[in-house]
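Dropping entry-v4.cif in here (mmCIF, C-alpha atoms):
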```cif
data_run
#
loop_
_atom_site.label_atom_id
_atom_site.label_comp_id
_atom_site.auth_asym_id
_atom_site.auth_seq_id
_atom_site.Cartn_x
_atom_site.Cartn_y
_atom_site.Cartn_z
CA MET A 1 -36.30 -25.42 -7.59
CA LEU A 2 -35.36 -22.40 -9.69
CA ARG A 3 -37.50 -19.28 -9.88
CA VAL A 4 -36.59 -16.36 -12.16
CA GLU A 5 -38.40 -13.02 -12.22
CA ILE A 6 -37.75 -9.79 -14.10
CA ASN A 7 -39.12 -6.67 -12.43
CA GLY A 8 -41.27 -8.87 -10.21
CA LEU A 9 -42.89 -10.84 -13.04
CA PRO A 10 -42.14 -14.41 -14.15
CA ALA A 11 -39.37 -14.33 -16.76
CA GLU A 12 -40.49 -15.26 -20.26
CA VAL A 13 -38.37 -17.18 -22.77
CA ALA A 14 -37.69 -13.91 -24.61
CA ASP A 15 -36.41 -12.35 -21.38
CA VAL A 16 -34.02 -15.20 -20.67
CA HIS A 17 -32.85 -15.18 -24.31
CA ARG A 18 -32.14 -11.46 -24.11
CA VAL A 19 -30.09 -11.79 -20.94
CA ALA A 20 -28.21 -14.82 -22.26
CA THR A 21 -27.30 -13.27 -25.61
CA TRP A 22 -26.64 -9.67 -24.54
CA ASN A 23 -23.77 -10.25 -22.14
CA TYR A 24 -23.80 -6.85 -20.47
CA GLY A 25 -24.79 -6.08 -16.91
CA HIS A 26 -23.84 -6.84 -13.33
CA PHE A 27 -25.06 -8.88 -10.40
CA THR A 28 -24.65 -9.84 -6.77
CA SER A 29 -25.22 -13.21 -5.09
CA MET A 30 -26.33 -13.90 -1.53
CA GLN A 31 -27.48 -16.59 0.85
CA VAL A 32 -30.85 -16.00 2.52
CA ARG A 33 -31.88 -17.49 5.85
CA GLU A 34 -35.17 -16.65 7.56
CA GLY A 35 -35.61 -13.61 5.33
CA ALA A 36 -32.21 -12.15 6.22
CA VAL A 37 -28.87 -11.72 4.42
CA PRO A 38 -25.39 -10.96 5.75
CA GLY A 39 -24.19 -7.61 4.43
CA LEU A 40 -27.39 -6.63 2.63
CA GLU A 41 -26.41 -2.96 2.63
CA LEU A 42 -23.12 -3.87 0.94
CA HIS A 43 -25.02 -5.81 -1.74
CA LEU A 44 -27.29 -2.83 -2.36
CA ARG A 45 -24.31 -0.47 -2.48
CA ARG A 46 -22.59 -2.79 -4.99
CA LEU A 47 -25.67 -2.82 -7.24
CA ALA A 48 -26.08 0.96 -7.11
CA GLY A 49 -22.43 1.68 -7.82
CA ALA A 50 -22.19 -0.76 -10.73
CA SER A 51 -25.46 0.53 -12.25
CA LEU A 52 -24.14 4.07 -12.12
CA GLU A 53 -20.87 3.07 -13.78
CA LEU A 54 -22.31 0.77 -16.46
CA PHE A 55 -25.64 2.45 -17.21
CA GLY A 56 -25.62 5.98 -15.81
CA GLU A 57 -27.44 7.81 -13.06
CA ALA A 58 -30.92 7.30 -14.53
CA ALA A 59 -30.56 3.53 -14.21
CA VAL A 60 -29.72 3.40 -10.48
CA GLN A 61 -32.48 1.47 -8.72
CA ASP A 62 -34.02 2.50 -5.41
CA ASP A 63 -32.87 0.28 -2.54
CA ALA A 64 -36.44 -0.21 -1.33
CA ARG A 65 -37.46 -1.49 -4.76
CA ILE A 66 -34.55 -3.94 -4.86
CA ARG A 67 -35.53 -5.26 -1.43
CA GLU A 68 -39.14 -5.70 -2.56
CA LEU A 69 -38.08 -7.55 -5.72
CA ILE A 70 -35.92 -9.92 -3.67
CA ARG A 71 -38.74 -10.56 -1.20
CA HIS A 72 -41.15 -11.21 -4.07
CA GLY A 73 -38.75 -13.59 -5.76
CA LEU A 74 -38.24 -15.53 -2.53
CA GLY A 75 -41.95 -16.05 -2.03
CA ASP A 76 -42.45 -18.28 0.99
CA ARG A 77 -38.92 -19.71 1.04
CA SER A 78 -37.17 -19.36 4.36
CA ALA A 79 -33.78 -20.45 3.00
CA ALA A 80 -32.47 -19.89 -0.52
CA SER A 81 -29.66 -18.75 -2.77
CA ALA A 82 -30.52 -15.47 -4.50
CA ARG A 83 -28.89 -13.62 -7.37
CA VAL A 84 -29.88 -10.09 -8.32
CA SER A 85 -28.85 -9.01 -11.82
CA VAL A 86 -29.20 -5.61 -13.44
CA VAL A 87 -29.47 -5.88 -17.23
CA PRO A 88 -30.31 -3.52 -20.10
CA ALA A 89 -34.02 -2.98 -20.71
CA VAL A 90 -35.50 -3.84 -24.09
CA GLY A 91 -34.79 -1.14 -26.68
CA SER A 92 -33.19 1.26 -24.21
CA GLU A 93 -29.61 2.21 -23.37
CA ASP A 94 -30.48 4.27 -20.30
CA ARG A 95 -32.96 1.99 -18.52
CA THR A 96 -32.45 -1.32 -16.80
CA ASP A 97 -34.39 -4.37 -15.73
CA VAL A 98 -33.81 -6.22 -12.47
CA MET A 99 -33.70 -10.00 -12.65
CA VAL A 100 -33.99 -11.99 -9.43
CA SER A 101 -33.04 -15.67 -9.60
CA VAL A 102 -33.85 -17.84 -6.59
CA SER A 103 -32.62 -21.40 -6.15
CA ASP A 104 -32.08 -23.90 -3.34
CA ALA A 105 -29.95 -22.80 -0.42
CA VAL A 106 -26.35 -23.97 -0.24
CA ALA A 107 -25.77 -26.26 2.73
CA ASP A 108 -24.07 -24.58 5.69
CA SER A 109 -21.37 -27.20 6.18
CA PRO A 110 -17.56 -27.38 6.13
CA ARG A 111 -16.01 -27.68 2.67
CA PRO A 112 -13.11 -29.97 1.70
CA ALA A 113 -9.72 -28.38 1.10
CA LEU A 114 -9.07 -27.35 -2.50
CA ARG A 115 -6.01 -28.01 -4.62
CA VAL A 116 -5.61 -25.02 -6.92
CA ARG A 117 -3.16 -23.85 -9.53
CA THR A 118 -2.23 -20.33 -10.55
CA ALA A 119 -2.95 -18.81 -13.95
CA THR A 120 -2.24 -15.36 -15.37
CA TYR A 121 -5.49 -13.46 -15.91
CA GLU A 122 -6.88 -9.99 -15.25
CA ARG A 123 -10.60 -9.24 -15.30
CA ASP A 124 -12.01 -6.27 -17.17
CA LEU A 125 -13.26 -3.66 -14.69
CA PRO A 126 -12.04 -5.86 -11.82
CA HIS A 127 -13.82 -3.84 -9.13
CA LEU A 128 -17.25 -4.69 -10.62
CA LYS A 129 -19.12 -8.00 -10.34
CA HIS A 130 -20.15 -7.90 -13.99
CA ALA A 131 -21.55 -10.45 -16.41
CA ALA A 132 -18.31 -11.01 -18.37
CA THR A 133 -17.35 -14.26 -16.64
CA MET A 134 -15.98 -16.35 -19.52
CA GLY A 135 -12.34 -15.84 -18.51
CA LEU A 136 -13.08 -16.94 -14.95
CA THR A 137 -14.92 -20.05 -16.07
CA TYR A 138 -12.31 -20.94 -18.68
CA GLY A 139 -9.53 -20.72 -16.11
CA MET A 140 -11.45 -22.92 -13.69
CA LEU A 141 -12.25 -25.56 -16.33
CA GLN A 142 -8.64 -25.62 -17.54
CA ALA A 143 -7.45 -26.14 -13.97
CA ARG A 144 -9.87 -29.03 -13.49
CA GLU A 145 -8.77 -30.57 -16.78
CA ALA A 146 -5.22 -30.51 -15.41
CA GLY A 147 -6.29 -32.33 -12.25
CA PHE A 148 -6.81 -29.39 -9.88
CA ASP A 149 -10.01 -28.29 -8.14
CA ASP A 150 -9.91 -24.62 -9.07
CA VAL A 151 -7.75 -21.71 -10.17
CA LEU A 152 -6.09 -18.75 -8.45
CA PHE A 153 -5.44 -15.81 -10.73
CA VAL A 154 -2.23 -13.79 -10.80
CA GLY A 155 -1.96 -10.54 -12.77
CA ARG A 156 0.60 -9.76 -15.43
CA ASP A 157 2.36 -7.73 -12.74
CA GLY A 158 2.88 -10.95 -10.76
CA PHE A 159 0.55 -10.04 -7.90
CA VAL A 160 -2.10 -12.45 -6.61
CA ARG A 161 -5.72 -11.43 -7.28
CA GLY A 162 -8.29 -14.06 -6.32
CA GLY A 163 -9.91 -17.30 -7.40
CA SER A 164 -12.50 -18.07 -10.04
CA VAL A 165 -15.48 -17.09 -7.88
CA TRP A 166 -13.82 -16.40 -4.54
CA ASN A 167 -11.45 -14.15 -2.69
CA VAL A 168 -8.35 -15.63 -1.09
CA SER A 169 -6.80 -15.00 2.30
CA PHE A 170 -3.61 -16.28 3.91
CA TRP A 171 -2.20 -16.92 7.38
CA ASP A 172 1.43 -15.99 8.04
CA GLY A 173 1.48 -17.37 11.58
CA GLU A 174 0.47 -14.09 13.20
CA GLN A 175 -2.27 -12.48 11.11
CA VAL A 176 -4.65 -12.89 8.19
CA LEU A 177 -3.34 -11.43 4.94
CA TRP A 178 -5.51 -10.34 2.02
CA PRO A 179 -3.92 -9.72 -1.40
CA GLU A 180 -3.63 -6.07 -2.36
CA ALA A 181 -4.18 -5.75 -6.11
CA PRO A 182 -6.87 -4.68 -8.60
CA MET A 183 -9.64 -7.21 -7.93
CA LEU A 184 -13.27 -7.64 -6.95
CA PRO A 185 -13.85 -6.65 -3.31
CA GLY A 186 -16.16 -9.55 -2.43
CA ILE A 187 -18.98 -8.91 0.01
CA THR A 188 -17.94 -11.90 2.13
CA MET A 189 -14.37 -10.62 2.15
CA GLN A 190 -15.51 -7.19 3.33
CA LEU A 191 -17.68 -8.73 6.04
CA LEU A 192 -14.84 -10.97 7.19
CA GLN A 193 -12.43 -8.07 7.42
CA ALA A 194 -14.92 -6.12 9.54
CA GLY A 195 -15.54 -9.24 11.62
CA LEU A 196 -11.82 -9.81 12.19
CA THR A 197 -11.53 -6.28 13.52
CA ARG A 198 -14.60 -6.81 15.68
CA VAL A 199 -13.23 -9.98 17.33
CA GLY A 200 -9.74 -8.55 17.71
CA ALA A 201 -7.98 -10.77 15.18
CA PRO A 202 -5.14 -9.00 13.31
CA TRP A 203 -5.29 -8.68 9.55
CA SER A 204 -3.87 -6.51 6.80
CA PRO A 205 -3.87 -6.11 3.00
CA ARG A 206 -0.53 -6.81 1.36
CA PRO A 207 0.77 -7.18 -2.19
CA LEU A 208 1.59 -10.88 -2.60
CA THR A 209 3.27 -12.77 -5.41
CA ALA A 210 3.56 -16.50 -6.10
CA ASN A 211 7.10 -16.29 -4.70
CA ASP A 212 5.66 -15.29 -1.31
CA LEU A 213 3.46 -18.38 -0.99
CA PRO A 214 6.07 -20.80 0.43
CA GLU A 215 6.52 -18.45 3.40
CA LEU A 216 2.83 -18.56 4.32
CA ARG A 217 1.24 -21.11 6.63
CA ALA A 218 -2.29 -21.49 5.25
CA ALA A 219 -4.77 -20.20 2.68
CA ALA A 220 -8.55 -20.13 2.35
CA ALA A 221 -11.22 -19.27 -0.21
CA SER A 222 -14.17 -17.07 0.74
CA ASN A 223 -17.44 -16.30 -1.06
CA SER A 224 -21.16 -16.08 -0.32
CA GLN A 225 -21.44 -19.87 -0.17
CA CYS A 226 -18.57 -20.46 2.26
CA PRO A 227 -16.47 -17.93 4.19
CA SER A 228 -13.60 -20.27 5.04
CA GLN A 229 -12.89 -23.09 2.60
CA PRO A 230 -9.27 -24.17 3.16
CA LEU A 231 -6.78 -24.51 0.33
CA ALA A 232 -4.66 -27.65 0.57
CA SER A 233 -2.15 -26.38 -1.97
CA ILE A 234 -1.40 -23.76 -4.61
CA ASP A 235 0.70 -25.17 -7.43
CA ARG A 236 3.48 -27.07 -5.65
CA VAL A 237 3.12 -25.19 -2.38
CA ALA A 238 1.34 -27.39 0.17
CA PHE A 239 -0.24 -25.85 3.27
CA SER A 240 0.15 -28.50 5.93
CA ASP A 241 0.48 -26.22 8.94
CA GLY A 242 -1.84 -23.57 10.31
CA GLY A 243 -4.87 -24.33 8.12
CA SER A 244 -7.13 -24.99 11.07
CA VAL A 245 -5.99 -21.73 12.69
CA LEU A 246 -6.97 -19.69 9.64
CA THR A 247 -10.38 -21.34 9.24
CA GLU A 248 -11.07 -20.99 12.95
CA VAL A 249 -10.21 -17.28 12.86
CA LEU A 250 -12.35 -16.71 9.76
CA ASP A 251 -15.25 -18.69 11.23
CA ARG A 252 -15.05 -16.67 14.44
CA ALA A 253 -15.11 -13.44 12.43
CA TRP A 254 -18.03 -14.71 10.35
CA ALA A 255 -20.01 -15.65 13.44
CA SER A 256 -19.88 -11.99 14.50
CA VAL A 257 -21.43 -10.75 11.23
CA PRO A 258 -25.03 -9.50 11.68
CA TRP A 259 -27.75 -10.66 9.27
CA ASP A 260 -29.92 -7.91 7.77
CA VAL A 261 -33.62 -8.42 7.20
CA ILE A 262 -34.49 -7.91 3.53
#
```

Translate this structure into structure tokens?
Amino acid sequence: MLRVEINGLPAEVADVHRVATWNYGHFTSMQVREGAVPGLELHLRRLAGASLELFGEAAVQDDARIRELIRHGLGDRSAASARVSVVPAVGSEDRTDVMVSVSDAVADSPRPALRVRTATYERDLPHLKHAATMGLTYGMLQAREAGFDDVLFVGRDGFVRGGSVWNVSFWDGEQVLWPEAPMLPGITMQLLQAGLTRVGAPWSPRPLTANDLPELRAAAASNSQCPSQPLASIDRVAFSDGGSVLTEVLDRAWASVPWDVI
């Protein structure tokens, strides 16, 4: 069941119309269990930084208020998927509204391996999780039309970025590799990197191109819904060896991540 609130009040049709037709703003998505979220402080930091960049200092929301709006939107749900969006306020360029959307929780279960293809695409303001998602969706739909499950984006410079709504990691037989390029630093990716360090698993960022893929042993997609979804293949490169090692390492890192009470 979907519940949408703006500034703690039920969203009206006019509110939803405004958000849908004025495609400017930013958001963050999270999984909630028993009133807690992994990496809540990172989510709050993401919202504050993007608000400052897109709307200016006057629009930066207080963390305590964001927490209260999330709690209010959740109501009595103990498990849910939550999305917090910051959008322009009506008739103002220097104020914002906070929209909290709450829906059913995503099942905590292993995901099937994805077959993905590469496509050349670079997001505007890649470091921000902003509302301009048409290019991501178009790339994903085109990949599915061609018989793949999803898309992995490569920049015009040839370096791997990430997937449609996920970050990608690789296993080279000794360590976890994360692409080094202009891209969105996903919250799950950041938490996994900290978790890998915490459990003593080696990892490093590295510029990677499509030509590097045949030398790698495994790949995985990570986002708020799943930290370790394996990739069966990228284009014609099949990952038949080492996939279980990568997912096991990522799962071990994820298990070490603390959950923060909202």

Do you know which residues the PyMOL selection byres ((chain A and resi 103) around 6) returns on this file, as number ranges by chain? A: 1-2, 80-81, 102, 104

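For the structure in this document, the set picked by the PyMOL selection byres ((chain A and resi 149) around 12) is Pro112, Ala113, Leu114, Arg115, Val116, Arg117, Thr118, Gly139, Met140, Leu141, Gln142, Ala143, Arg144, Glu145, Ala146, Gly147, Phe148, Asp150, Val151, Leu152, Gly163, Ser164, Leu231, Ala232, Ser233, Ile234 and Asp235 of chain A.
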
Expected selection from the PyMOL selection byres ((chain A and resi 257) around 12), given as an MDAnalysis selection string: chainID A and resid 36:40 187:199 227 250:256 258:260

Output file for the residues above (C-alpha atoms, as a CSV table (one decimal), in the coordinates of the input):
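See result-v2.csv below for the written result:
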```
chain,number,residue,atom,x,y,z
A,36,ALA,CA,-32.2,-12.2,6.2
A,37,VAL,CA,-28.9,-11.7,4.4
A,38,PRO,CA,-25.4,-11.0,5.8
A,39,GLY,CA,-24.2,-7.6,4.4
A,40,LEU,CA,-27.4,-6.6,2.6
A,187,ILE,CA,-19.0,-8.9,0.0
A,188,THR,CA,-17.9,-11.9,2.1
A,189,MET,CA,-14.4,-10.6,2.2
A,190,GLN,CA,-15.5,-7.2,3.3
A,191,LEU,CA,-17.7,-8.7,6.0
A,192,LEU,CA,-14.8,-11.0,7.2
A,193,GLN,CA,-12.4,-8.1,7.4
A,194,ALA,CA,-14.9,-6.1,9.5
A,195,GLY,CA,-15.5,-9.2,11.6
A,196,LEU,CA,-11.8,-9.8,12.2
A,197,THR,CA,-11.5,-6.3,13.5
A,198,ARG,CA,-14.6,-6.8,15.7
A,199,VAL,CA,-13.2,-10.0,17.3
A,227,PRO,CA,-16.5,-17.9,4.2
A,250,LEU,CA,-12.4,-16.7,9.8
A,251,ASP,CA,-15.2,-18.7,11.2
A,252,ARG,CA,-15.0,-16.7,14.4
A,253,ALA,CA,-15.1,-13.4,12.4
A,254,TRP,CA,-18.0,-14.7,10.4
A,255,ALA,CA,-20.0,-15.6,13.4
A,256,SER,CA,-19.9,-12.0,14.5
A,258,PRO,CA,-25.0,-9.5,11.7
A,259,TRP,CA,-27.8,-10.7,9.3
A,260,ASP,CA,-29.9,-7.9,7.8
```

Please, what distance in Å, to one decimal, runs between CA of Arg236 in chain A and CA of Tyr121 in chain A? 19.3 Å

Taking the point (-21.8, -12.9, -15.9) as given in the file, collect each protein or nucleic acid residue that comes within 10 Å of it, counting only C-alpha atoms, and present the set as a PDB file with C-alpha atoms, in the coordinates of the input.
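In the end it all went to result-v7.pdb:
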```pdb
ATOM      1  CA  VAL A  19     -30.090 -11.790 -20.940  1.00  0.00           C
ATOM      2  CA  ALA A  20     -28.210 -14.820 -22.260  1.00  0.00           C
ATOM      3  CA  ASN A  23     -23.770 -10.250 -22.140  1.00  0.00           C
ATOM      4  CA  TYR A  24     -23.800  -6.850 -20.470  1.00  0.00           C
ATOM      5  CA  GLY A  25     -24.790  -6.080 -16.910  1.00  0.00           C
ATOM      6  CA  HIS A  26     -23.840  -6.840 -13.330  1.00  0.00           C
ATOM      7  CA  PHE A  27     -25.060  -8.880 -10.400  1.00  0.00           C
ATOM      8  CA  SER A  85     -28.850  -9.010 -11.820  1.00  0.00           C
ATOM      9  CA  LYS A 129     -19.120  -8.000 -10.340  1.00  0.00           C
ATOM     10  CA  HIS A 130     -20.150  -7.900 -13.990  1.00  0.00           C
ATOM     11  CA  ALA A 131     -21.550 -10.450 -16.410  1.00  0.00           C
ATOM     12  CA  ALA A 132     -18.310 -11.010 -18.370  1.00  0.00           C
ATOM     13  CA  THR A 133     -17.350 -14.260 -16.640  1.00  0.00           C
ATOM     14  CA  MET A 134     -15.980 -16.350 -19.520  1.00  0.00           C
ATOM     15  CA  LEU A 136     -13.080 -16.940 -14.950  1.00  0.00           C
ATOM     16  CA  THR A 137     -14.920 -20.050 -16.070  1.00  0.00           C
TER      17      THR A 137
END
```

What is the CA of Met99 in chain A-CA of Glu122 in chain A distance in Å, reported with one decimal? 26.9 Å

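One distance worth recording is that between CA of Glu68 in chain A and CA of Gly49 in chain A, which is 19.0 Å.
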
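Counting all atoms listed in the file, range 213-221 of chain A has the following residues at most 8 Å away, ignoring those fewer than 6 positions along the same chain: Gly163, Trp166, Asn167, Val168, Ser169, Phe170, Trp171, Asp172, Gly173, Pro227, Ser228, Gln229, Pro230, Leu231, Ala232, Val237, Phe239, Ser240, Asp241, Gly242, Gly243, Leu246 and Thr247 of chain A.
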